[in-house]
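J.: Pasting final-v6.csv below, which is CSV, C-alpha atoms.
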```
chain,number,residue,atom,x,y,z
G,1,MET,CA,114.4,115.8,73.4
G,2,THR,CA,117.7,114.7,71.9
G,3,GLU,CA,118.3,111.1,70.7
G,4,ASP,CA,121.1,110.7,73.3
G,5,PHE,CA,118.8,111.9,76.1
G,6,ALA,CA,116.0,109.7,74.9
G,7,ALA,CA,118.3,106.7,74.8
G,8,ARG,CA,119.6,107.3,78.3
G,9,LEU,CA,116.1,107.7,79.6
G,10,GLU,CA,115.0,104.5,78.0
G,11,GLU,CA,118.0,102.7,79.6
G,12,ALA,CA,117.1,104.2,83.0
G,13,THR,CA,113.5,103.0,82.6
G,14,ALA,CA,114.6,99.5,81.7
G,15,ARG,CA,116.6,99.4,84.9
G,16,ALA,CA,113.8,100.8,87.0
G,17,THR,CA,111.2,98.4,85.8
G,18,THR,CA,113.0,95.3,87.3
G,19,ALA,CA,112.3,96.3,91.0
G,20,PRO,CA,110.3,93.5,92.7
G,21,GLY,CA,107.6,95.7,94.4
G,22,LEU,CA,104.3,96.9,93.1
G,23,PHE,CA,103.8,100.6,92.2
G,24,VAL,CA,100.2,101.9,91.9
G,25,CYS,CA,99.3,105.5,91.2
G,26,PHE,CA,95.9,107.3,91.5
G,27,GLU,CA,95.4,110.3,89.2
G,28,GLY,CA,92.5,112.6,88.4
G,29,GLY,CA,91.2,116.0,88.8
G,30,ASP,CA,90.5,117.7,92.1
G,31,GLY,CA,87.4,116.2,93.7
G,32,ALA,CA,87.8,112.8,91.9
G,33,GLY,CA,87.9,110.8,95.1
G,34,LYS,CA,91.5,109.6,95.0
G,35,SER,CA,92.1,109.6,98.7
G,36,THR,CA,89.1,107.4,99.3
G,37,GLN,CA,90.2,104.8,96.8
G,38,VAL,CA,93.8,104.9,98.1
G,39,ARG,CA,92.5,104.1,101.6
G,40,LEU,CA,90.2,101.3,100.4
G,41,LEU,CA,93.0,99.6,98.3
G,42,THR,CA,95.5,99.9,101.1
G,43,GLU,CA,93.1,98.2,103.6
G,44,VAL,CA,92.6,95.3,101.2
G,45,LEU,CA,96.2,94.8,100.4
G,46,GLU,CA,97.3,95.1,104.0
G,47,GLY,CA,94.6,92.6,105.0
G,48,ARG,CA,96.3,90.2,102.6
G,49,GLY,CA,99.6,90.6,104.3
G,50,ARG,CA,101.2,93.0,101.9
G,51,GLU,CA,103.5,95.8,103.2
G,52,VAL,CA,102.1,99.0,101.8
G,53,VAL,CA,103.7,102.4,101.6
G,54,VAL,CA,101.1,105.2,101.0
G,55,THR,CA,102.3,108.6,99.8
G,56,ARG,CA,101.3,111.6,97.9
G,57,GLN,CA,102.7,114.2,95.5
G,58,PRO,CA,103.7,116.8,96.1
G,59,GLY,CA,104.6,115.8,99.6
G,60,GLY,CA,105.5,112.5,101.2
G,61,THR,CA,108.9,113.7,102.5
G,62,PRO,CA,109.9,116.7,104.6
G,63,LEU,CA,111.3,118.4,101.5
G,64,GLY,CA,108.2,117.5,99.5
G,65,THR,CA,106.0,118.9,102.3
G,66,GLN,CA,107.8,122.2,102.0
G,67,ILE,CA,107.5,122.3,98.3
G,68,ARG,CA,103.8,121.5,98.6
G,69,GLN,CA,103.3,124.4,100.9
G,70,LEU,CA,105.3,126.8,98.7
G,71,VAL,CA,103.6,125.9,95.4
G,72,LEU,CA,100.0,125.3,96.6
G,73,HIS,CA,99.7,127.8,99.4
G,74,GLY,CA,102.5,130.3,99.0
G,75,ASP,CA,102.8,133.5,96.9
G,76,HIS,CA,102.5,133.5,93.1
G,77,VAL,CA,104.7,131.0,91.3
G,78,SER,CA,105.2,131.1,87.6
G,79,ALA,CA,104.2,128.1,85.5
G,80,ARG,CA,107.7,127.1,84.6
G,81,ALA,CA,108.9,127.5,88.2
G,82,GLU,CA,105.9,125.4,89.3
G,83,ALA,CA,106.8,122.6,86.9
G,84,LEU,CA,110.4,122.6,88.1
G,85,LEU,CA,109.4,122.5,91.8
G,86,PHE,CA,107.1,119.6,91.2
G,87,ALA,CA,109.9,117.8,89.3
G,88,ALA,CA,112.3,118.4,92.2
G,89,ASP,CA,109.7,117.0,94.6
G,90,LYS,CA,109.4,113.8,92.6
G,91,ALA,CA,113.2,113.4,92.1
G,92,HIS,CA,113.7,113.5,95.9
G,93,HIS,CA,110.6,111.4,96.6
G,94,VAL,CA,111.7,108.6,94.3
G,95,ASP,CA,115.3,108.6,95.7
G,96,GLN,CA,114.2,108.7,99.4
G,97,LEU,CA,111.0,106.7,99.5
G,98,ILE,CA,109.6,105.1,96.4
G,99,ALA,CA,112.7,103.4,94.9
G,100,PRO,CA,113.8,101.9,98.2
G,101,ALA,CA,110.3,100.6,99.0
G,102,LEU,CA,110.0,99.0,95.6
G,103,ALA,CA,113.4,97.4,95.9
G,104,ALA,CA,112.3,95.9,99.3
G,105,GLY,CA,109.3,94.3,97.6
G,106,LYS,CA,106.7,96.6,99.1
G,107,VAL,CA,103.6,98.0,97.5
G,108,VAL,CA,103.8,101.7,96.9
G,109,ILE,CA,100.5,103.6,96.4
G,110,THR,CA,100.7,107.2,95.5
G,111,ASP,CA,98.1,109.9,95.3
G,112,ARG,CA,99.5,111.7,92.1
G,113,TYR,CA,102.8,111.2,90.3
G,114,THR,CA,104.3,112.3,87.0
G,115,ASP,CA,101.0,112.4,85.1
G,116,SER,CA,99.6,115.1,87.3
G,117,SER,CA,102.5,117.4,86.3
G,118,ILE,CA,102.0,116.5,82.6
G,119,ALA,CA,98.2,117.2,82.9
G,120,TYR,CA,98.4,120.3,85.2
G,121,GLN,CA,101.5,122.0,83.9
G,122,GLY,CA,101.7,120.5,80.4
G,123,ALA,CA,98.0,120.8,79.5
G,124,GLY,CA,96.5,123.1,82.1
G,125,ARG,CA,99.4,125.6,82.1
G,126,ASP,CA,99.9,125.0,78.4
G,127,LEU,CA,103.7,124.4,78.8
G,128,GLY,CA,103.5,121.4,76.5
G,129,ALA,CA,102.8,117.8,77.4
G,130,ASP,CA,105.9,116.4,75.7
G,131,GLU,CA,108.2,118.9,77.4
G,132,ILE,CA,106.8,118.2,80.9
G,133,ARG,CA,106.8,114.5,80.3
G,134,ALA,CA,110.5,114.6,79.4
G,135,LEU,CA,111.2,116.7,82.5
G,136,GLN,CA,109.2,114.4,84.8
G,137,HIS,CA,110.5,111.1,83.5
G,138,TRP,CA,114.1,112.4,83.8
G,139,ALA,CA,113.4,113.6,87.4
G,140,VAL,CA,112.1,110.1,88.5
G,141,GLY,CA,114.9,108.2,86.6
G,142,GLY,CA,112.4,106.2,84.7
G,143,VAL,CA,110.6,104.8,87.8
G,144,LEU,CA,107.0,104.6,86.5
G,145,PRO,CA,103.9,102.9,88.0
G,146,ASP,CA,102.9,99.4,87.1
G,147,LEU,CA,99.3,100.6,87.1
G,148,THR,CA,97.9,104.2,86.9
G,149,ILE,CA,94.3,104.6,87.8
G,150,VAL,CA,92.7,107.7,86.4
G,151,LEU,CA,89.5,108.7,88.2
G,152,ASP,CA,87.7,110.7,85.6
G,153,VAL,CA,85.6,113.6,86.9
G,154,SER,CA,84.1,116.6,85.1
G,155,PRO,CA,85.2,120.1,86.4
G,156,GLU,CA,81.7,120.8,87.5
G,157,VAL,CA,81.4,117.7,89.6
G,158,GLY,CA,84.9,118.1,91.0
G,159,ARG,CA,84.1,121.7,92.0
G,160,ALA,CA,80.9,120.6,93.8
G,161,ARG,CA,82.7,117.8,95.6
G,162,ARG,CA,85.7,119.8,96.9
G,163,GLY,CA,83.6,122.7,98.2
G,164,ASP,CA,85.6,125.6,99.5
G,165,VAL,CA,88.8,126.3,97.6
G,166,HIS,CA,91.9,125.1,99.4
G,167,ASP,CA,94.9,125.8,97.1
G,168,ARG,CA,96.0,127.7,94.0
G,169,LEU,CA,95.3,124.9,91.6
G,170,GLU,CA,91.9,124.1,92.9
G,171,SER,CA,90.9,127.8,92.5
G,172,GLU,CA,91.6,127.8,88.8
G,173,ALA,CA,88.7,128.2,86.4
G,174,ASP,CA,86.7,125.3,84.9
G,175,ALA,CA,88.5,125.8,81.6
G,176,PHE,CA,91.8,125.0,83.3
G,177,HIS,CA,90.4,121.9,84.9
G,178,ALA,CA,88.8,120.8,81.6
G,179,ALA,CA,92.2,121.0,80.0
G,180,VAL,CA,93.7,119.0,82.9
G,181,ARG,CA,91.0,116.3,82.5
G,182,GLN,CA,91.7,116.0,78.8
G,183,GLY,CA,95.4,115.8,79.6
G,184,PHE,CA,94.8,112.7,81.8
G,185,LEU,CA,92.6,111.1,79.2
G,186,ASP,CA,95.2,111.7,76.5
G,187,LEU,CA,97.9,110.0,78.6
G,188,ALA,CA,95.7,107.0,79.2
G,189,ALA,CA,94.9,106.7,75.5
G,190,GLN,CA,98.5,106.7,74.6
G,191,ASP,CA,99.4,103.7,76.8
G,192,PRO,CA,96.2,101.8,77.5
G,193,GLY,CA,98.1,98.8,78.9
G,194,ARG,CA,99.3,100.7,81.9
G,195,TYR,CA,96.1,102.7,82.6
G,196,LEU,CA,92.7,102.1,84.0
G,197,VAL,CA,90.2,105.0,83.5
G,198,VAL,CA,87.2,104.8,85.8
G,199,ASP,CA,84.1,107.1,85.8
G,200,ALA,CA,84.5,108.9,89.2
G,201,SER,CA,80.8,109.5,89.4
G,202,LEU,CA,80.1,105.8,90.0
G,203,PRO,CA,79.4,104.6,93.5
G,204,VAL,CA,82.6,104.3,95.6
G,205,GLU,CA,82.1,100.5,95.9
G,206,GLN,CA,82.0,100.0,92.2
G,207,ILE,CA,85.1,102.1,91.6
G,208,HIS,CA,86.9,100.1,94.3
G,209,ALA,CA,85.9,96.8,92.7
G,210,ARG,CA,87.3,97.9,89.3
G,211,VAL,CA,90.5,99.2,90.9
G,212,LEU,CA,91.0,96.0,92.9
G,213,ALA,CA,90.4,93.8,89.8
G,214,ALA,CA,93.0,95.8,87.9
G,215,VAL,CA,95.6,95.6,90.7
G,216,GLU,CA,95.0,91.8,91.0
G,217,GLN,CA,95.6,91.4,87.2
G,218,VAL,CA,98.9,93.3,87.4
G,219,GLU,CA,99.9,91.2,90.5
G,220,ALA,CA,99.1,88.0,88.6
G,221,THR,CA,101.2,89.1,85.7
G,222,GLN,CA,104.1,90.0,87.9
G,223,ARG,CA,104.0,86.9,90.0
G,224,PRO,CA,106.9,85.1,88.2
G,225,THR,CA,109.2,88.0,89.1
G,226,ALA,CA,110.4,86.3,92.3
G,227,ALA,CA,111.7,83.4,90.2
G,228,GLY,CA,113.5,85.7,87.8
G,229,GLY,CA,110.6,86.8,85.6
G,230,ALA,CA,110.1,90.0,83.6
G,231,GLY,CA,109.4,92.3,86.5
G,232,ARG,CA,107.6,95.6,86.1
G,233,ALA,CA,108.4,95.9,82.3
G,234,GLY,CA,106.6,92.6,81.8
G,235,ALA,CA,103.4,93.8,83.6
G,236,ALA,CA,102.5,96.4,81.1
G,237,GLY,CA,99.5,94.6,79.8
G,238,GLY,CA,97.9,94.2,83.2
G,239,ALA,CA,95.6,97.2,83.2
G,240,GLY,CA,94.4,96.6,79.7
G,241,ALA,CA,93.3,93.1,80.6
G,242,ALA,CA,91.4,94.5,83.6
G,243,GLY,CA,89.5,97.2,81.8
G,244,GLY,CA,91.9,99.4,80.0
G,245,VAL,CA,90.9,102.9,78.9
G,246,GLY,CA,87.3,103.7,79.5
G,247,SER,CA,84.7,103.2,82.2
```
As structure tokens, what does this structure read like?

T.:
Amino acid sequence: MTEDFAARLEEATARATTAPGLFVCFEGGDGAGKSTQVRLLTEVLEGRGREVVVTRQPGGTPLGTQIRQLVLHGDHVSARAEALLFAADKAHHVDQLIAPALAAGKVVITDRYTDSSIAYQGAGRDLGADEIRALQHWAVGGVLPDLTIVLDVSPEVGRARRGDVHDRLESEADAFHAAVRQGFLDLAAQDPGRYLVVDASLPVEQIHARVLAAVEQVEATQRPTAAGGAGRAGAAGGAGAAGGVGS
């Protein structure tokens, strides 16, 4: 990454982090239980009067749905093409859905985001985490979650939970999923203030309690935003206070 590109990306990130909404992302290997936790968190926040936009990646828009079908269920796609298609999905997704929702003060909860590409294509496909991170962050214009929850699951447990194979990524060998798992953990270790790692083998209710506590901590940190506070950039310490890296 050139210094000029890095500087422009940092500037874009600084602009993106001032949006008044709340952006929460669930990450983890296949079979981690993300969809369940997305549903539980959504129910609580909507019950408290928050307007919540739930989405997933790839997908979430008509174009994203087509990309999802092509990459996960279509013919063979090379690793680099796969990474570029996922980046295109996120660029369109942020422009059409995520950024407008955050600007309107809504809560955005996504099942997967940039970290999935870094873990799956960067680590799993061995394309390089730094290279895929730069591509992904450029694609989303620096719009990153306030809180990323990594539901940590072993390849063996994930395989048992998901049952029959449904797409090309799920059908990969355990070694691939082990590399993906480590990719997520490495990302969380590099930025513990923005991540919460939870043992996905815990009971659903315990996982939900930890997730909700982390979200509430980030919300509390962001609360001054309406009066001109620091916004998303000022909330970076929220997850660390709520549990940080580890289970």

J.: For segment 47-154 of chain G versus segment 205-208 of chain G, which residues have an atom no more than 12 Å away, and what is each residue's nearest atom pair and distance in Å rounded to one decimal, using only C-alpha atoms, chain-then-number order, as a tab-separated table?

T.:
```
residue	atom	partner	partner_atom	distance
G:Ile149	CA	G:Ile207	CA	10.3
G:Val150	CA	G:Ile207	CA	10.8
G:Leu151	CA	G:Ile207	CA	8.6
G:Asp152	CA	G:Ile207	CA	10.8
```

J.: So, with only C-alpha atoms as the atoms that count, which of G:Arg125, G:Leu85, G:Leu144, G:Gly60 lies closest to Leu72 of chain G?

T.: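 Closest residue, counting only C-alpha atoms: G:Leu85.
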
J.: What's around Phe176 of chain G at 6 Å? Count all atoms listed in the file, leave out sequence neighbours fewer than 3 positions away in its own chain, and write the answer as number ranges by chain.

T.: G: 124, 173, 179

J.: If you measure from atom CA of Thr148 of chain G to atom CA of Ala129 of chain G, what distance in Å do you get, rounded to one decimal?

T.: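 For atom CA of Thr148 of chain G relative to atom CA of Ala129 of chain G, the distance reads 17.3 Å.
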
J.: Would you tabulate, counting all atoms listed in the file, all residues of segment 131-215 of chain G that have an atom at most 10 Å from an atom of segment 25-28 of chain G, showing the closest pair of atoms and their distance in Å to one decimal, sorted by chain then ascending number, as JSON lines?

T.:
```
{"residue": "G:Leu144", "atom": "CA", "partner": "G:Cys25", "partner_atom": "CA", "distance": 9.1}
{"residue": "G:Pro145", "atom": "CA", "partner": "G:Cys25", "partner_atom": "CA", "distance": 6.2}
{"residue": "G:Asp146", "atom": "CA", "partner": "G:Cys25", "partner_atom": "CA", "distance": 8.2}
{"residue": "G:Leu147", "atom": "CA", "partner": "G:Cys25", "partner_atom": "CA", "distance": 6.4}
{"residue": "G:Thr148", "atom": "CA", "partner": "G:Cys25", "partner_atom": "CA", "distance": 4.7}
{"residue": "G:Ile149", "atom": "CA", "partner": "G:Phe26", "partner_atom": "CA", "distance": 4.9}
{"residue": "G:Val150", "atom": "CA", "partner": "G:Glu27", "partner_atom": "CA", "distance": 4.7}
{"residue": "G:Leu151", "atom": "CA", "partner": "G:Gly28", "partner_atom": "CA", "distance": 4.9}
{"residue": "G:Asp152", "atom": "CA", "partner": "G:Gly28", "partner_atom": "CA", "distance": 5.9}
{"residue": "G:Val153", "atom": "CA", "partner": "G:Gly28", "partner_atom": "CA", "distance": 7.1}
{"residue": "G:Ser154", "atom": "CA", "partner": "G:Gly28", "partner_atom": "CA", "distance": 9.9}
{"residue": "G:Gly158", "atom": "CA", "partner": "G:Gly28", "partner_atom": "CA", "distance": 9.7}
{"residue": "G:Val180", "atom": "CA", "partner": "G:Gly28", "partner_atom": "CA", "distance": 8.5}
{"residue": "G:Arg181", "atom": "CA", "partner": "G:Gly28", "partner_atom": "CA", "distance": 7.1}
{"residue": "G:Gly183", "atom": "CA", "partner": "G:Gly28", "partner_atom": "CA", "distance": 9.8}
{"residue": "G:Phe184", "atom": "CA", "partner": "G:Gly28", "partner_atom": "CA", "distance": 7.0}
{"residue": "G:Leu185", "atom": "CA", "partner": "G:Gly28", "partner_atom": "CA", "distance": 9.3}
{"residue": "G:Tyr195", "atom": "CA", "partner": "G:Cys25", "partner_atom": "CA", "distance": 9.6}
{"residue": "G:Leu196", "atom": "CA", "partner": "G:Phe26", "partner_atom": "CA", "distance": 9.7}
{"residue": "G:Val197", "atom": "CA", "partner": "G:Gly28", "partner_atom": "CA", "distance": 9.3}
{"residue": "G:Val198", "atom": "CA", "partner": "G:Gly28", "partner_atom": "CA", "distance": 9.8}
{"residue": "G:Ala200", "atom": "CA", "partner": "G:Gly28", "partner_atom": "CA", "distance": 8.9}
{"residue": "G:Val211", "atom": "CA", "partner": "G:Phe26", "partner_atom": "CA", "distance": 9.8}
```

J.: Taking into account all atoms listed in the file, which residue in the set G:Gly21, G:Gly64, G:Gly49, G:Pro155 is nearest to Val218 of chain G?

T.: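 The answer is G:Gly21, which sits nearest to Val218 of chain G.
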
J.: Pick out the residues sitting within 12 Å of Asp130 of chain G, and hand them over as a PyMOL selection string; count all atoms listed in the file, and ignore anything fewer than 3 positions along from it in its own chain.

T.: chain G and resi 1+115+117-119+121-123+126-127+133-137+183+186-187

J.: Between atom CA of Leu84 of chain G and atom CA of Glu172 of chain G, what distance in Å does the model show, to one decimal?

T.: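 One can read the atom CA of Leu84 of chain G to atom CA of Glu172 of chain G distance as 19.5 Å.
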
J.: Missing atoms in segment 121-135 of chain G: can you complete it with N, CA and C atoms, as a compact mmCIF listing (two decimals), in the coordinates of the input?

T.:
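What follows is the written file part.txt:
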```txt
# COMPACT_ATOMS: atom_id res chain seq x y z
N GLN G 121 100.57 121.02 84.50
CA GLN G 121 101.50 122.00 83.90
C GLN G 121 101.57 121.92 82.41
N GLY G 122 101.60 120.69 81.89
CA GLY G 122 101.70 120.50 80.40
C GLY G 122 100.45 120.97 79.72
N ALA G 123 99.28 120.49 80.19
CA ALA G 123 98.00 120.80 79.50
C ALA G 123 97.36 122.05 80.16
N GLY G 124 97.17 122.02 81.47
CA GLY G 124 96.50 123.10 82.10
C GLY G 124 97.22 124.45 82.02
N ARG G 125 98.54 124.43 82.24
CA ARG G 125 99.40 125.60 82.10
C ARG G 125 99.86 125.87 80.71
N ASP G 126 99.57 124.92 79.83
CA ASP G 126 99.90 125.00 78.40
C ASP G 126 101.44 125.13 78.21
N LEU G 127 102.21 124.39 79.01
CA LEU G 127 103.70 124.40 78.80
C LEU G 127 104.08 123.29 77.84
N GLY G 128 103.15 122.42 77.45
CA GLY G 128 103.50 121.40 76.50
C GLY G 128 103.61 120.02 77.18
N ALA G 129 102.76 119.07 76.81
CA ALA G 129 102.80 117.80 77.40
C ALA G 129 104.10 117.03 77.21
N ASP G 130 104.64 117.10 76.00
CA ASP G 130 105.90 116.40 75.70
C ASP G 130 107.05 116.95 76.52
N GLU G 131 107.10 118.27 76.65
CA GLU G 131 108.20 118.90 77.40
C GLU G 131 108.12 118.51 78.89
N ILE G 132 106.92 118.57 79.45
CA ILE G 132 106.80 118.20 80.90
C ILE G 132 106.98 116.74 81.10
N ARG G 133 106.55 115.91 80.16
CA ARG G 133 106.80 114.50 80.30
C ARG G 133 108.27 114.18 80.34
N ALA G 134 109.04 114.78 79.44
CA ALA G 134 110.50 114.60 79.40
C ALA G 134 111.12 114.99 80.74
N LEU G 135 110.70 116.15 81.24
CA LEU G 135 111.20 116.70 82.50
C LEU G 135 110.89 115.71 83.65
```
